[in-house]
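Asks: Questions regarding the structure given below will be posed in turn.
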Amino acid sequence: MGTATLKKGKEKILQSKHPWIFSGAIDKIDDVKQNGETVIIKSFDGAELALGAVSVHSQIAVRVWSFNSDEKIDKIFFENRIKTAIALREKIIDKNSTNVYRLINSENDLLPGLIVDVYNKYLVCQFLSAGAVFWKKEIVGILSELLKPKCIFERSDSESLVKEKLEKNVGVLLGEEPPELIEVKENNLKFFVNIKSGHKTGFYIDQRDNRKLLGEFVKDKSVLNCFCYTGGFSLYAKSAEASHLTNIDSSSEALTLITKNFELNNYSIDNVENIEGDVFKLLRKFRDENRKFDVIILDPPKFAESVSQVTKAARGYKDINLLAMKLLNRGGFLFTFSCSGHISQELFRKIVDDAAIDSGRIVKIIRQLTQSSDHPVLSSFPEGLYLKGFICETY
Ligand code: SAH
């Protein structure tokens with residue numbers, strides 16, 4: 001087995017049980033033949049500390065598989081880790097009402113670089129680290145044996161692969177080619193999802209709990225859903241009897257799918273307005289027209305892809321939050337989110353607070369929100385928490 005020897009004193013980083021070892025902490029890597037293979041991580045003076053996967057082209061040079069250096073990294077190891085991840089979902093997902101959920105959440109399920117999402121009878125996987133790619137065949141075999149899916153589809157097309165210098169791969173890994181749209185249910189609402197080319201693995205599964213919560217705030221209310229994608233929040237608003245719904249997204253494909261999703265649930269599209277356009281511009285237009293709403297949802301895409309984009313992203317978040325606060329009726333509610341990992345919860349809170357001051361409104365934060373429970377955050381991996389949100393009452 002190859003070895004990754006840490007620089008003097010760097011063995012301390014393993015004590016925190018954070019699964020990433022950056023290249024700057026490594027003195028030398030020896031005897032590695034293939035990207036992603038398992039290496040033993042040693043202290044500068046040769047003590048065996050942990051086992052990990054080497055990523056020869058990445059700044060994250062090693063991702064730890066196990067902090068027990070005596071463990072064997074083999075098919076059984078992955079089977080056990082996958083079974084543990086499945087066991088958590090057995091406890092937290094009500095399969096009678098929901099058949100779309102995250103089964104394996106990468107580092108947070110002790111499987112760095114591996115994402116597996118369940119879409120009804122289909123599994124969608126992302127192999128985002130050299131180590132996950134190295135074990136792909138075994139992982140697909142285990143998933144197939146344990147879950148017997150109709151198809152295991154690979155969606156390794158995330159931009160993070162560029163940083164890892166890994167190839168993008170999209171296609172069937174096992175089973176039959178999936179249809180263009182597959183039907184799933186989330187809290188008994190039905191959705192069509194395009195797992196082959198939809199965003200992420202097809203659907204924003206991480207918002208499930210927050211979408212459900214929205215239902216408590218919208219009865220007989222006018223709702224504006226900004227960045228609506230295929231209507232996740234919109235369907236919940238409709239099912240909870242919102243009186244009027246305005247959906248905005250820049251993608252015409254996403255809006256077409258909203259209409260299909262309404263039909264799928266036998267919901268009328270009376271009082272539903274779909275607008276294709278730019279949220280930044282449309283919020284200004286609504287302001288100029290003096291339009292008002294009772295509930296506004298802001299669930300934008302990741303504005304900060306890297307640390308260098310944080311300042312610009314913060315301006316963007318502040319802009320839309322300020323505009324949205326101004327568009328709310330007195331006593332109205334804002335559901336506001338940031339999914340940028342580089343924007344901390346504290347910073348996002350500050351952005352919302354600043355927007356509140358500049359909007360001239362009185363804003364009360366009544367709830368802090370985060371990603372759904374099937375996207376756990378490993379205690380030693382704060383990066384696992386990426387989705388932050390607030391419900392704000394606005395006067
Ligand atoms: N809330 C959604 C997920 C939102 S994803 C859900 O629950 O499913 C972000 C969406 O914002 C994408 O659909 C993308 O097409 C859209 N988008 C990105 N930039 C935009 C912009 N400037 N104006 C409007 N929509 C935008």
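Residues in the structure tokens are numbered from 1 in each chain, the chains being A, B, ... in the order shown, and ligands are numbered from 1 in the order shown.
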Please check which protein, DNA or RNA residues sit within 7 Å of ligand 1, counting only C-alpha atoms and all ligand atoms, and write them as a list in words.
Replies: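 Answer in the requested format: Phe203, Tyr204, Gln207, Cys226, Phe227, Cys228, Tyr229, Thr230, Gly231, Gly232, Phe233, Ile248, Asp249, Ser250, Ser251, Ala254, Gly277, Asp278, Val279, Phe280, Asp299, Pro300 and Pro301 of chain A.
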Asks: Let's have the selection written as an mmCIF file, in the first residue's frame, with N, CA, C and O atoms.
Replies:
```cif
data_model
loop_
_atom_site.group_PDB
_atom_site.id
_atom_site.type_symbol
_atom_site.label_atom_id
_atom_site.label_comp_id
_atom_site.auth_asym_id
_atom_site.auth_seq_id
_atom_site.Cartn_x
_atom_site.Cartn_y
_atom_site.Cartn_z
ATOM 1 N N PHE A 203 -33.387 17.008 -8.711
ATOM 2 C CA PHE A 203 -34.375 17.688 -7.875
ATOM 3 C C PHE A 203 -33.661 18.244 -6.648
ATOM 4 O O PHE A 203 -32.652 17.682 -6.209
ATOM 5 N N TYR A 204 -34.194 19.336 -6.079
ATOM 6 C CA TYR A 204 -33.580 19.911 -4.872
ATOM 7 C C TYR A 204 -34.161 19.218 -3.636
ATOM 8 O O TYR A 204 -35.022 19.742 -2.937
ATOM 9 N N GLN A 207 -34.481 20.593 0.150
ATOM 10 C CA GLN A 207 -35.482 21.555 0.621
ATOM 11 C C GLN A 207 -36.777 20.895 1.104
ATOM 12 O O GLN A 207 -37.742 21.592 1.428
ATOM 13 N N CYS A 226 -39.651 32.809 -5.937
ATOM 14 C CA CYS A 226 -38.541 33.231 -6.802
ATOM 15 C C CYS A 226 -37.524 32.101 -6.928
ATOM 16 O O CYS A 226 -37.211 31.455 -5.939
ATOM 17 N N PHE A 227 -36.981 31.906 -8.109
ATOM 18 C CA PHE A 227 -36.056 30.802 -8.407
ATOM 19 C C PHE A 227 -36.803 29.481 -8.168
ATOM 20 O O PHE A 227 -36.359 28.612 -7.398
ATOM 21 N N CYS A 228 -37.938 29.340 -8.800
ATOM 22 C CA CYS A 228 -38.866 28.252 -8.448
ATOM 23 C C CYS A 228 -38.464 26.887 -8.997
ATOM 24 O O CYS A 228 -38.980 25.870 -8.559
ATOM 25 N N TYR A 229 -37.553 26.857 -9.997
ATOM 26 C CA TYR A 229 -37.152 25.600 -10.650
ATOM 27 C C TYR A 229 -38.415 24.841 -11.091
ATOM 28 O O TYR A 229 -39.262 25.425 -11.750
ATOM 29 N N THR A 230 -38.569 23.566 -10.723
ATOM 30 C CA THR A 230 -39.708 22.800 -11.245
ATOM 31 C C THR A 230 -40.911 22.864 -10.297
ATOM 32 O O THR A 230 -41.821 22.054 -10.390
ATOM 33 N N GLY A 231 -40.878 23.839 -9.381
ATOM 34 C CA GLY A 231 -42.077 24.105 -8.587
ATOM 35 C C GLY A 231 -42.146 23.408 -7.247
ATOM 36 O O GLY A 231 -43.243 23.221 -6.707
ATOM 37 N N GLY A 232 -41.003 23.028 -6.697
ATOM 38 C CA GLY A 232 -41.005 22.377 -5.388
ATOM 39 C C GLY A 232 -41.879 23.123 -4.383
ATOM 40 O O GLY A 232 -42.913 22.612 -3.940
ATOM 41 N N PHE A 233 -41.494 24.357 -4.082
ATOM 42 C CA PHE A 233 -42.272 25.139 -3.108
ATOM 43 C C PHE A 233 -43.676 25.455 -3.635
ATOM 44 O O PHE A 233 -44.627 25.549 -2.863
ATOM 45 N N ILE A 248 -41.320 32.443 -10.530
ATOM 46 C CA ILE A 248 -40.322 33.049 -11.421
ATOM 47 C C ILE A 248 -39.117 32.131 -11.551
ATOM 48 O O ILE A 248 -38.571 31.662 -10.539
ATOM 49 N N ASP A 249 -38.705 31.899 -12.782
ATOM 50 C CA ASP A 249 -37.426 31.215 -13.024
ATOM 51 C C ASP A 249 -36.910 31.656 -14.389
ATOM 52 O O ASP A 249 -37.691 32.010 -15.277
ATOM 53 N N SER A 250 -35.592 31.627 -14.535
ATOM 54 C CA SER A 250 -35.017 32.013 -15.829
ATOM 55 C C SER A 250 -35.061 30.863 -16.823
ATOM 56 O O SER A 250 -34.792 31.045 -18.006
ATOM 57 N N SER A 251 -35.385 29.665 -16.362
ATOM 58 C CA SER A 251 -35.363 28.496 -17.251
ATOM 59 C C SER A 251 -36.772 28.147 -17.732
ATOM 60 O O SER A 251 -37.654 27.828 -16.923
ATOM 61 N N ALA A 254 -37.735 24.550 -16.853
ATOM 62 C CA ALA A 254 -38.198 24.359 -15.468
ATOM 63 C C ALA A 254 -39.665 24.766 -15.363
ATOM 64 O O ALA A 254 -40.468 24.065 -14.740
ATOM 65 N N GLY A 277 -37.948 34.752 -16.419
ATOM 66 C CA GLY A 277 -37.184 35.997 -16.366
ATOM 67 C C GLY A 277 -36.193 36.005 -15.226
ATOM 68 O O GLY A 277 -36.018 35.013 -14.526
ATOM 69 N N ASP A 278 -35.568 37.179 -15.083
ATOM 70 C CA ASP A 278 -34.507 37.361 -14.097
ATOM 71 C C ASP A 278 -35.113 37.930 -12.807
ATOM 72 O O ASP A 278 -35.716 39.001 -12.820
ATOM 73 N N VAL A 279 -34.936 37.216 -11.716
ATOM 74 C CA VAL A 279 -35.517 37.635 -10.437
ATOM 75 C C VAL A 279 -35.058 39.049 -10.058
ATOM 76 O O VAL A 279 -35.852 39.864 -9.596
ATOM 77 N N PHE A 280 -33.795 39.350 -10.276
ATOM 78 C CA PHE A 280 -33.275 40.679 -9.905
ATOM 79 C C PHE A 280 -34.069 41.789 -10.611
ATOM 80 O O PHE A 280 -34.401 42.801 -10.009
ATOM 81 N N ASP A 299 -35.057 31.296 -3.109
ATOM 82 C CA ASP A 299 -34.180 30.121 -3.031
ATOM 83 C C ASP A 299 -33.250 30.123 -4.241
ATOM 84 O O ASP A 299 -33.391 29.313 -5.156
ATOM 85 N N PRO A 300 -32.301 31.082 -4.249
ATOM 86 C CA PRO A 300 -31.468 31.244 -5.446
ATOM 87 C C PRO A 300 -30.431 30.139 -5.612
ATOM 88 O O PRO A 300 -30.169 29.384 -4.660
ATOM 89 N N PRO A 301 -29.819 30.057 -6.792
ATOM 90 C CA PRO A 301 -28.709 29.109 -6.962
ATOM 91 C C PRO A 301 -27.521 29.590 -6.132
ATOM 92 O O PRO A 301 -27.545 30.684 -5.574
#
```
Asks: List the neighbours of Ile269 of chain A out to 12 Å using only C-alpha atoms; skip same-chain residues closer than 6 positions along the sequence, and give me the result as a list in words.
Replies: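 Near neighbours after the sequence-gap exclusion: Ser234, Leu235, Lys238, Ala242, Ser243, His244, Leu245, Thr246, Asn247, Ile258, Thr259, Lys260, Asn261, Phe262 and Glu263 of chain A.
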Asks: Give me, as a VMD selection string, the residues of segment 171-343 of chain A that a backbone DSSP run labels strand (DSSP E).
Replies: chain A and resid 171 to 175 182 to 186 189 to 193 222 to 226 244 to 249 272 to 276 293 to 298 328 to 338
Asks: Nearest to Asn96 of chain A: which of A:Gln345, A:Asn35, A:Ser158, A:Asn188 is it, counting only C-alpha atoms?
Replies: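 When distances to Asn96 of chain A are compared using only C-alpha atoms, the smallest one comes from A:Asn188.
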Asks: Just checking: using only C-alpha atoms, which residue out of A:Val64, A:Val310, A:Leu173, A:Leu322 ends up closest to Gly52 of chain A?
Replies: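 The answer is A:Val64, which sits nearest to Gly52 of chain A.
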Asks: As a PyMOL selection string, please: every residue in segment 121-334 of chain A that a backbone DSSP assignment puts in alpha helix (DSSP H).
Replies: chain A and resi 130-134+136-147+160-164+208-214+232-239+252-264+279-288+310-327
Asks: Need to verify the contact set: Cys125 of chain A, 8 Å, only C-alpha atoms, exclusion of same-chain residues closer than 3 positions in sequence. Can you return it as a VMD selection string?
Replies: chain A and resid 114 to 117 152 to 156 201
Asks: Identify, on the basis of only C-alpha atoms, every residue whose closest approach to segment 58-62 of chain A does not exceed 10 Å; exclude the query and any residue fewer than 3 positions from it along the same chain; express the result as a count of residues only.
Replies: 31
Asks: Quick one: of A:Lys150, A:Lys292, A:Arg208, A:Lys190, who's nearest to Leu387 of chain A, counting only C-alpha atoms?
Replies: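 So, comparing all the options, the nearest one is A:Arg208.
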